[in-house]
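Shown below: run_26.txt, with compact mmCIF, C-alpha atoms and all ligand atoms.
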```txt
# COMPACT_ATOMS: atom_id res chain seq x y z
CA MET K 2 -28.16 -40.33 33.13
CA SER K 3 -24.56 -39.65 32.54
CA GLY K 4 -25.55 -37.64 29.45
CA THR K 5 -27.89 -35.49 31.56
CA SER K 6 -25.27 -35.02 34.22
CA SER K 7 -22.65 -34.03 31.68
CA SER K 8 -24.99 -31.56 29.94
CA LYS K 9 -25.79 -30.02 33.39
CA GLN K 10 -22.07 -29.83 34.05
CA SER K 11 -21.35 -28.16 30.74
CA ALA K 12 -24.23 -25.67 31.25
CA PHE K 13 -22.77 -24.82 34.66
CA ASP K 14 -19.30 -24.46 33.18
CA ARG K 15 -20.65 -22.14 30.50
CA ARG K 16 -22.48 -19.98 33.06
CA ALA K 17 -19.45 -19.93 35.34
CA PHE K 18 -17.22 -18.96 32.44
CA LEU K 19 -19.55 -16.21 31.21
CA ALA K 20 -19.99 -14.82 34.70
CA GLY K 21 -16.24 -14.85 35.23
CA ALA K 22 -15.54 -13.32 31.85
CA ALA K 23 -18.14 -10.60 32.37
CA GLY K 24 -16.80 -9.88 35.82
CA SER K 25 -13.20 -9.69 34.74
CA ALA K 26 -14.11 -7.44 31.80
CA LEU K 27 -16.28 -5.11 33.85
CA VAL K 28 -13.93 -4.46 36.72
CA PRO K 29 -11.14 -2.89 34.68
CA LEU K 30 -13.65 -0.90 32.58
CA THR K 31 -15.28 0.52 35.68
CA ALA K 32 -11.92 1.28 37.23
CA ARG K 33 -10.77 2.98 34.03
CA ALA K 34 -13.95 5.09 33.83
CA THR K 35 -13.49 6.20 37.43
CA ALA K 36 -9.88 7.17 36.82
CA GLU K 37 -10.86 9.12 33.68
CA GLU K 38 -13.63 10.92 35.54
CA ALA K 39 -11.14 11.93 38.22
CA ARG K 40 -8.78 13.38 35.60
CA ALA K 41 -11.50 15.18 33.58
CA PRO K 42 -11.82 18.95 34.19
CA VAL K 43 -14.87 19.72 36.31
CA ALA K 44 -17.46 21.37 34.06
CA GLN K 45 -18.81 24.53 35.65
CA ASP K 46 -22.52 25.10 35.46
CA ALA K 47 -22.83 28.08 33.09
CA ALA K 48 -25.92 29.23 34.97
CA LEU K 49 -23.96 29.82 38.19
CA PRO K 50 -23.19 33.50 38.76
CA VAL K 51 -19.66 34.70 38.08
CA GLY K 52 -18.14 38.01 39.11
CA VAL K 53 -17.15 40.50 36.41
CA THR K 54 -16.02 44.11 36.45
CA LEU K 55 -17.07 46.21 33.47
CA ARG K 56 -15.93 49.76 32.75
CA VAL K 57 -18.95 51.53 31.33
CA ASN K 58 -18.85 55.21 30.36
CA GLY K 59 -15.83 55.77 32.59
CA LYS K 60 -17.19 54.05 35.69
CA GLU K 61 -16.39 50.60 37.08
CA LYS K 62 -19.37 48.34 37.60
CA HIS K 63 -19.13 45.09 39.53
CA LEU K 64 -21.65 42.49 38.48
CA SER K 65 -22.53 38.93 39.38
CA ILE K 66 -23.88 37.39 36.20
CA ASP K 67 -24.56 34.17 34.35
CA ALA K 68 -21.40 33.49 32.30
CA ARG K 69 -23.50 33.52 29.11
CA THR K 70 -24.70 37.12 29.63
CA THR K 71 -24.06 39.40 26.67
CA VAL K 72 -22.81 42.98 26.98
CA LEU K 73 -26.25 44.13 25.79
CA ASP K 74 -28.08 42.24 28.54
CA ALA K 75 -25.53 43.33 31.14
CA LEU K 76 -26.17 46.96 30.12
CA ARG K 77 -29.94 46.78 29.86
CA GLU K 78 -30.92 44.21 32.47
CA HIS K 79 -28.24 44.63 35.13
CA LEU K 80 -27.08 48.24 34.81
CA LYS K 81 -30.41 49.68 33.62
CA LEU K 82 -28.69 51.49 30.75
CA THR K 83 -31.48 51.01 28.25
CA GLY K 84 -30.20 53.38 25.56
CA SER K 85 -28.69 50.49 23.58
CA LYS K 86 -31.59 48.74 21.93
CA LYS K 87 -32.31 45.06 21.32
CA GLY K 88 -33.61 44.80 17.78
CA CYS K 89 -32.81 41.37 16.33
CA ASP K 90 -30.55 39.91 19.08
CA HIS K 91 -28.72 38.17 16.21
CA GLY K 92 -26.06 40.66 15.14
CA GLN K 93 -28.00 41.77 12.07
CA CYS K 94 -29.60 45.16 12.78
CA GLY K 95 -26.97 47.21 14.62
CA ALA K 96 -29.47 48.63 17.15
CA CYS K 97 -27.28 47.39 20.02
CA THR K 98 -24.01 48.93 18.73
CA VAL K 99 -21.64 50.20 21.42
CA LEU K 100 -17.95 51.06 21.37
CA ILE K 101 -15.54 48.75 23.16
CA GLY K 102 -12.26 50.59 23.21
CA ASP K 103 -12.22 52.26 19.79
CA ARG K 104 -14.05 49.41 18.09
CA ARG K 105 -17.78 49.35 17.40
CA VAL K 106 -19.35 46.04 18.29
CA VAL K 107 -22.80 44.53 18.25
CA SER K 108 -23.25 44.07 21.96
CA CYS K 109 -25.89 41.34 21.51
CA LEU K 110 -23.15 39.02 20.21
CA THR K 111 -20.42 40.00 22.68
CA LEU K 112 -20.08 38.22 26.00
CA ALA K 113 -19.77 40.50 29.01
CA LEU K 114 -16.92 38.33 30.32
CA ALA K 115 -14.98 39.00 27.10
CA ALA K 116 -15.32 42.76 27.64
CA GLU K 117 -13.89 42.75 31.15
CA GLY K 118 -11.21 45.40 31.63
CA GLN K 119 -12.05 47.28 28.42
CA GLU K 120 -13.77 50.64 28.13
CA ILE K 121 -17.38 50.30 26.99
CA THR K 122 -19.03 53.47 25.68
CA THR K 123 -22.77 53.57 25.23
CA ILE K 124 -25.10 56.30 23.99
CA GLU K 125 -25.51 57.42 27.63
CA GLY K 126 -21.77 58.17 27.77
CA LEU K 127 -21.50 60.54 24.79
CA ALA K 128 -22.91 63.82 26.07
CA THR K 129 -21.23 65.90 28.76
CA ASP K 130 -23.24 67.77 31.38
CA GLU K 131 -22.96 70.91 29.27
CA ARG K 132 -23.64 69.70 25.76
CA LEU K 133 -24.59 66.91 23.43
CA HIS K 134 -21.94 65.02 21.51
CA PRO K 135 -21.48 66.55 18.01
CA MET K 136 -23.00 63.41 16.45
CA GLN K 137 -26.10 63.63 18.65
CA GLN K 138 -26.47 67.31 17.74
CA ALA K 139 -26.01 66.52 14.04
CA PHE K 140 -28.75 63.87 14.14
CA ILE K 141 -31.13 66.48 15.59
CA ASP K 142 -30.03 69.19 13.15
CA ASN K 143 -30.54 66.90 10.15
CA ASP K 144 -33.75 65.24 11.30
CA ALA K 145 -31.90 61.92 11.08
CA PHE K 146 -34.35 59.81 13.03
CA GLN K 147 -38.03 59.09 12.83
CA CYS K 148 -39.19 56.52 15.40
CA GLY K 149 -35.72 56.73 16.94
CA TYR K 150 -35.47 53.04 17.79
CA CYS K 151 -32.31 52.45 15.76
CA THR K 152 -30.88 55.87 16.62
CA PRO K 153 -28.61 55.03 19.58
CA GLY K 154 -26.96 52.27 17.54
CA GLN K 155 -26.76 54.55 14.48
CA ILE K 156 -25.09 57.30 16.50
CA MET K 157 -22.57 54.94 18.15
CA SER K 158 -21.78 53.38 14.81
CA ALA K 159 -21.47 56.82 13.20
CA VAL K 160 -18.95 57.91 15.85
CA GLY K 161 -16.95 54.73 15.18
CA CYS K 162 -17.23 55.23 11.42
CA VAL K 163 -15.78 58.74 11.67
CA LYS K 164 -12.97 57.71 14.05
CA GLU K 165 -12.02 54.86 11.71
CA GLY K 166 -11.59 57.41 8.90
CA HIS K 167 -14.52 56.12 6.87
CA ALA K 168 -16.52 59.33 6.55
CA ASN K 169 -14.69 60.87 3.59
CA SER K 170 -17.53 60.62 1.09
CA GLU K 171 -21.23 59.81 1.04
CA ALA K 172 -20.47 56.46 -0.57
CA ASP K 173 -17.95 55.72 2.15
CA ILE K 174 -20.42 56.63 4.89
CA ARG K 175 -23.15 54.49 3.33
CA GLU K 176 -20.79 51.53 3.03
CA TYR K 177 -19.47 51.73 6.59
CA MET K 178 -22.90 52.40 8.12
CA SER K 179 -24.50 49.55 6.21
CA GLY K 180 -24.61 47.27 9.27
CA ASN K 181 -27.13 49.60 10.91
CA ILE K 182 -30.67 49.06 9.72
CA CYS K 183 -33.35 51.76 9.99
CA ARG K 184 -36.86 50.49 9.40
CA CYS K 185 -38.06 54.07 8.88
CA ALA K 186 -35.46 54.55 6.12
CA ALA K 187 -33.98 57.75 7.53
CA TYR K 188 -30.77 56.97 5.62
CA PRO K 189 -30.26 60.19 3.59
CA ASN K 190 -30.57 62.29 6.76
CA ILE K 191 -28.25 59.95 8.67
CA VAL K 192 -25.61 60.38 5.96
CA ALA K 193 -26.04 64.17 6.18
CA ALA K 194 -25.64 64.02 9.97
CA VAL K 195 -22.43 61.99 9.74
CA LYS K 196 -21.02 64.46 7.19
CA GLN K 197 -21.84 67.38 9.45
CA ALA K 198 -20.35 65.88 12.62
CA ALA K 199 -17.24 64.32 11.11
CA PRO K 200 -14.96 67.43 11.00
CA GLU K 201 -15.75 68.38 14.60
CA ILE K 202 -15.14 64.82 15.85
CA MET K 203 -11.86 64.60 13.95
CA LYS K 204 -10.71 67.89 15.52
CA GLY K 205 -11.17 66.07 18.88
S1 LIG S 301 -29.80 43.63 18.44
FE1 LIG S 301 -27.69 43.37 18.12
S2 LIG S 301 -27.48 43.51 15.98
FE2 LIG S 301 -29.62 43.54 16.29
S1 LIG S 302 -35.60 55.92 13.02
FE1 LIG S 302 -36.99 54.27 13.24
S2 LIG S 302 -35.83 52.52 12.93
FE2 LIG S 302 -34.52 54.13 12.45
```

Could I get this structure in the form of structure tokens?
Amino acid sequence: MSGTSSSKQSAFDRRAFLAGAAGSALVPLTARATAEEARAPVAQDAALPVGVTLRVNGKEKHLSIDARTTVLDALREHLKLTGSKKGCDHGQCGACTVLIGDRRVVSCLTLALAAEGQEITTIEGLATDERLHPMQQAFIDNDAFQCGYCTPGQIMSAVGCVKEGHANSEADIREYMSGNICRCAAYPNIVAAVKQAAPEIMKG
């Protein structure tokens, strides 16, 4: 009997100890977790709309967009400027090329939020009311497009290429236009167009 009583006692002691140990270990852990949660920065849901002001072709545009929106989607989906094309959406074809400031960028890989406050120029912003931009005219004169899908990106890239000073030879033009893919292979005519337009663009 005494053996049974003592084994009951020791089982109770063990349970009491384990319960106490678990309790004393859990309380500080829970308290610590709560304190850490309170200190942690609150993660914003990226899908919530954020306000952004873009300067596109000389005009300010106020948008409320998902923070993950690219410049290309802001242009096409929100501002209905569909001249810039979505070819690969992976930065590989150049169809979406626009100028941000003086730099040409693939707008499918550029976040709209990152472009806030900078001047974005798209194909729609090149011509004046009176006349086409010299590069647009040169593409027509040299028959430099076939289906035309890549053409807005080619023209924007060509303007950037000339302004960067990379239109001094055919080899130079080919090298610095190599990020723009044309599935119709209008390349020789594109090179001719860039050569034609370069002097006029450099005159300003
Ligand atoms: S759509 Fe942007 S590089 Fe192809
Ligand atoms: S003209 Fe068709 S893809 Fe270039």

Give me, as a PyMOL selection string, the set of residues whose atoms come within 10 Å of any atom of ligand LIG 302 (chain S), counting all atoms listed in the file. chain K and resi 88+94+96+144-155+181-188+191

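Restricting the atom set to all atoms listed in the file, one finds that the residues within 8 Å of ligand LIG 301 (chain S) amount to K:Leu73, K:Lys86, K:Lys87, K:Gly88, K:Cys89, K:Asp90, K:His91, K:Gly92, K:Gln93, K:Cys94, K:Gly95, K:Ala96, K:Cys97, K:Thr98, K:Val107, K:Ser108, K:Cys109, K:Leu110, K:Asn181.
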
Mind checking which residues fall within 12 Å of Lys60 of chain K, counting only C-alpha atoms, ignoring those fewer than 2 positions away in the same chain, and posting them as a ChimeraX atom specification? /K:54-58,62-63,80,118-123,126

Name the closest residue to Pro200 of chain K among the candidates K:Gly84, K:Gly180, K:Lys164, K:Asp103; distances are taken between atoms, counting all atoms listed in the file.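 Ranked by minimum distance to Pro200 of chain K, first place goes to K:Lys164.
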
Hey, can you pull every residue with an atom no more than 12 Å from (-16.7, 68.9, 14.8), using only C-alpha atoms, and send it as a list in words? Leu133, His134, Pro135, Met136, Gln137, Gln138, Ala139, Val160, Val163, Lys164, Ala194, Val195, Lys196, Gln197, Ala198, Ala199, Pro200, Glu201, Ile202, Met203, Lys204 and Gly205 of chain K

Measure the distance from atom CA of Ile66 of chain K to atom CA of Glu117 of chain K in Å and round it to one decimal.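 Atom-to-atom, atom CA of Ile66 of chain K and atom CA of Glu117 of chain K are spaced 12.4 Å apart.
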
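Between Ile141 of chain K and the residues K:Ile156, K:Leu127, K:Thr111, K:Ile101, the shortest atom-to-atom distance, using all atoms listed in the file, involves K:Ile156.
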